[in-house]
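Structure first, commentary second.
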Amino acid sequence: MKVSEIMVTDVFKLSSEDTVARALNMMADKSINQIPVVDDDGKYLGMIFAKQLLNSSAQPSSKVKSYIVNTSMVGPNQDVEKAAQLVIGSGNRALPVVENGRLVGIVSETDLVSTADFGHAIVDEVMSGAIVIEEETSLADAVSKMRRYNISRLPVINTKGVLRGMLSIIDVARIIATPRERTSKSAAISGGTAAIKDVKVRDIMRRTVSVEPGTKLNSLADHFKRNEEVVVAGDGRPMGIVTPKDALELVLPKKTSEPMIHMAHLEDGQDRTEIQEQLARFLKKIQGKLGDVRSVVVYADKHKTRKYSLRTRLITSRGVIDAKAVGYDPLSASKELIARLDRRIKSEHSQRVKYKQHRESARRM
């Protein structure tokens, strides 16, 4: 299947002279996290992201040309499988479809999931741990939590831990964007406490879809067309989150002899090589402790503070082991990441051993 068969051609877009306020309003109105920027001839210039704008010190009157990000691109005649790899590698939710330099469409992770067959895979195998927020928390604190964990969504719970809804970057943009077009030029939009300090999470949270553990991934395609995520909940309490990108990780190319390491956000070079080599040695060390390690996805980000943040997901036949770490260089960041993964793996391995011993003991009785 080719990208042209699934891409969206009716694309919302901006010019480089549009304002940040207009960008945020469009994102909030259309419920989209990123918007392509084109020139007068339709030539693709780059992408604007909601998370980037809300984490910046931009003013509502600022031009979006100062916040354009270069991204990977796909062509309309490329295979869907290649597009899926590029979406994972970029870490973005959608990629521009470009032909002869001009934007002709957008292909999103949701479009790609709709073409995939996940066989008997279930949500437990790909879900990430749920970082939650209570409904009575202020929106300013929720935004701070998103920044701290570098995430775009938070399941909302009540005081008993029961799932109540979902809060995302776009929900925050709806609060910040609309009044900002009418405020003074000196007012920044950076998650501004002035705009959100008195708003409670419950005031703007939206309804969310939840499924039980054991639900097959193939049954989520329709949910993903209407929602950015699905919450896995047991007894009404969030256990994890599954996004289209999580599901796509299952269809990444695999080696038959050893797990394949997929790097996202980092170009080829010494930094990428160091992280891959550290992880490859670690995978050999833990071989057999997790069963079948199918693949490893690493999201690496280099920040202005010269820090590296790493997020990794080990996709195994028994589920996902994830971890995060920060360091001042790739080596220190990857060593910290591996240390955290090692602790997670030892803990889970110990729990499995105890469970097995308990079952064997119960049989003898």
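Numbering starts fresh at 1 for the residues of each chain in the structure tokens, the chains themselves are lettered A, B, ... in the order given, and ligands are numbered from 1 as they appear.
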* Asked: Near Arg202 in chain A, counting only C-alpha atoms, which residues have an atom at most 9 Å away, once you skip same-chain residues fewer than 4 positions from it, shown as an NGL selection string?
  -> :A and (134-139 or 156 or 164-165 or 167 or 206)
* Fewer than 4 positions away in the same chain doesn't count, so skip those; otherwise give me all residues within 10 Å of range 93-97 of chain A, counting only C-alpha atoms, as an MDAnalysis selection string. => chainID A and resid 3:4 7:9 11 32:36 44 46:47 71:78 83:84 86:88 101:112 228 243:245
* Neighbour list for Asp222 in chain A as an MDAnalysis selection string, cut-off 9 Å, only C-alpha atoms, skip fewer than 4 positions in-chain -> chainID A and resid 114 226:227
Can I get the selection written as an mmCIF file, in the first residue's frame, with N, CA, C and O atoms?
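See again28.cif below for the written result:
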```cif
data_model
loop_
_atom_site.group_PDB
_atom_site.id
_atom_site.type_symbol
_atom_site.label_atom_id
_atom_site.label_comp_id
_atom_site.auth_asym_id
_atom_site.auth_seq_id
_atom_site.Cartn_x
_atom_site.Cartn_y
_atom_site.Cartn_z
ATOM 1 N N SER A 114 -4.607 2.263 10.993
ATOM 2 C CA SER A 114 -5.795 1.708 10.335
ATOM 3 C C SER A 114 -5.434 0.684 9.264
ATOM 4 O O SER A 114 -6.280 -0.115 8.849
ATOM 5 N N ARG A 226 -11.130 8.546 16.551
ATOM 6 C CA ARG A 226 -11.842 9.606 17.280
ATOM 7 C C ARG A 226 -11.085 10.099 18.505
ATOM 8 O O ARG A 226 -11.427 11.133 19.069
ATOM 9 N N ASN A 227 -10.069 9.357 18.943
ATOM 10 C CA ASN A 227 -9.350 9.702 20.167
ATOM 11 C C ASN A 227 -7.848 9.534 19.959
ATOM 12 O O ASN A 227 -7.404 8.672 19.205
#
```
* To do: Could you find all residues in range 91-218 of chain A that DSSP calls helix (DSSP H, G or I) from the backbone, and write them as a ChimeraX atom specification?
  => /A:109-113,123-125,139-149,169-180,193-196,201-204,217-218
* Shortest interatomic distance to Arg281 in chain A - which of A:Val172, A:Ile261, A:Val242, A:Leu250, counting only C-alpha atoms -> A:Ile261
* To do: Could you tell me which of A:Leu252, A:Met26, A:Val126, A:Ala333 comes closest to Gly214 in chain A if we count only C-alpha atoms?
  =>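 So, comparing all the options, the nearest one is A:Val126.
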* How many Å separate CA of Pro330 in chain A from CA of Gln276 in chain A? ->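 Taking CA of Pro330 in chain A as the start and CA of Gln276 in chain A as the end point, the length is 9.9 Å.
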* Asked: Which one of A:Lys145, A:Lys63, A:Lys82, A:Lys216 sits closest to Ala121 in chain A if you count only C-alpha atoms?
  ->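 The closest residue to Ala121 in chain A is A:Lys216.
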* Asked: If you measure from CA of Ala173 in chain A to CA of Ala50 in chain A, what distance in Å do you get, rounded to one decimal?
  ->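 If I compute the distance from CA of Ala173 in chain A to CA of Ala50 in chain A, I get 7.6 Å.
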* Restricting the calculation to only C-alpha atoms, which member of A:Asp41, A:Asp271, A:Thr215, A:Leu341 is positioned closest to Tyr328 in chain A? ->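 Result for the nearest residue to Tyr328 in chain A: A:Asp271.
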* Asked: For Ala21 in chain A, which residue out of A:Arg147, A:Val211, A:Ile176, A:Gly89 is the nearest one, using only C-alpha atoms?
  -> A:Ile176
* For each of A:Thr19, A:Val251, A:Ile345, A:Asp40, take the minimum atom-to-atom distance to Ala58 in chain A, counting only C-alpha atoms, then give the residue where this is smallest. =>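 Ranked by minimum distance to Ala58 in chain A, first place goes to A:Thr19.
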* Give me the residues within 12 Å of Arg272 in chain A as a ChimeraX atom specification, counting only C-alpha atoms and dropping any in the same chain fewer than 2 places off. => /A:261-270,274-279,298-302,308,310,329-331,333-334
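For the atom pair formed by CA of Leu14 in chain A and CA of Met27 in chain A, the distance is 11.0 Å, given to one decimal.
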* Residues within 9 Å of Gly319 in chain A, only C-alpha atoms, excluding chain neighbours under 5 positions, as an MDAnalysis selection string -> chainID A and resid 123:127 314
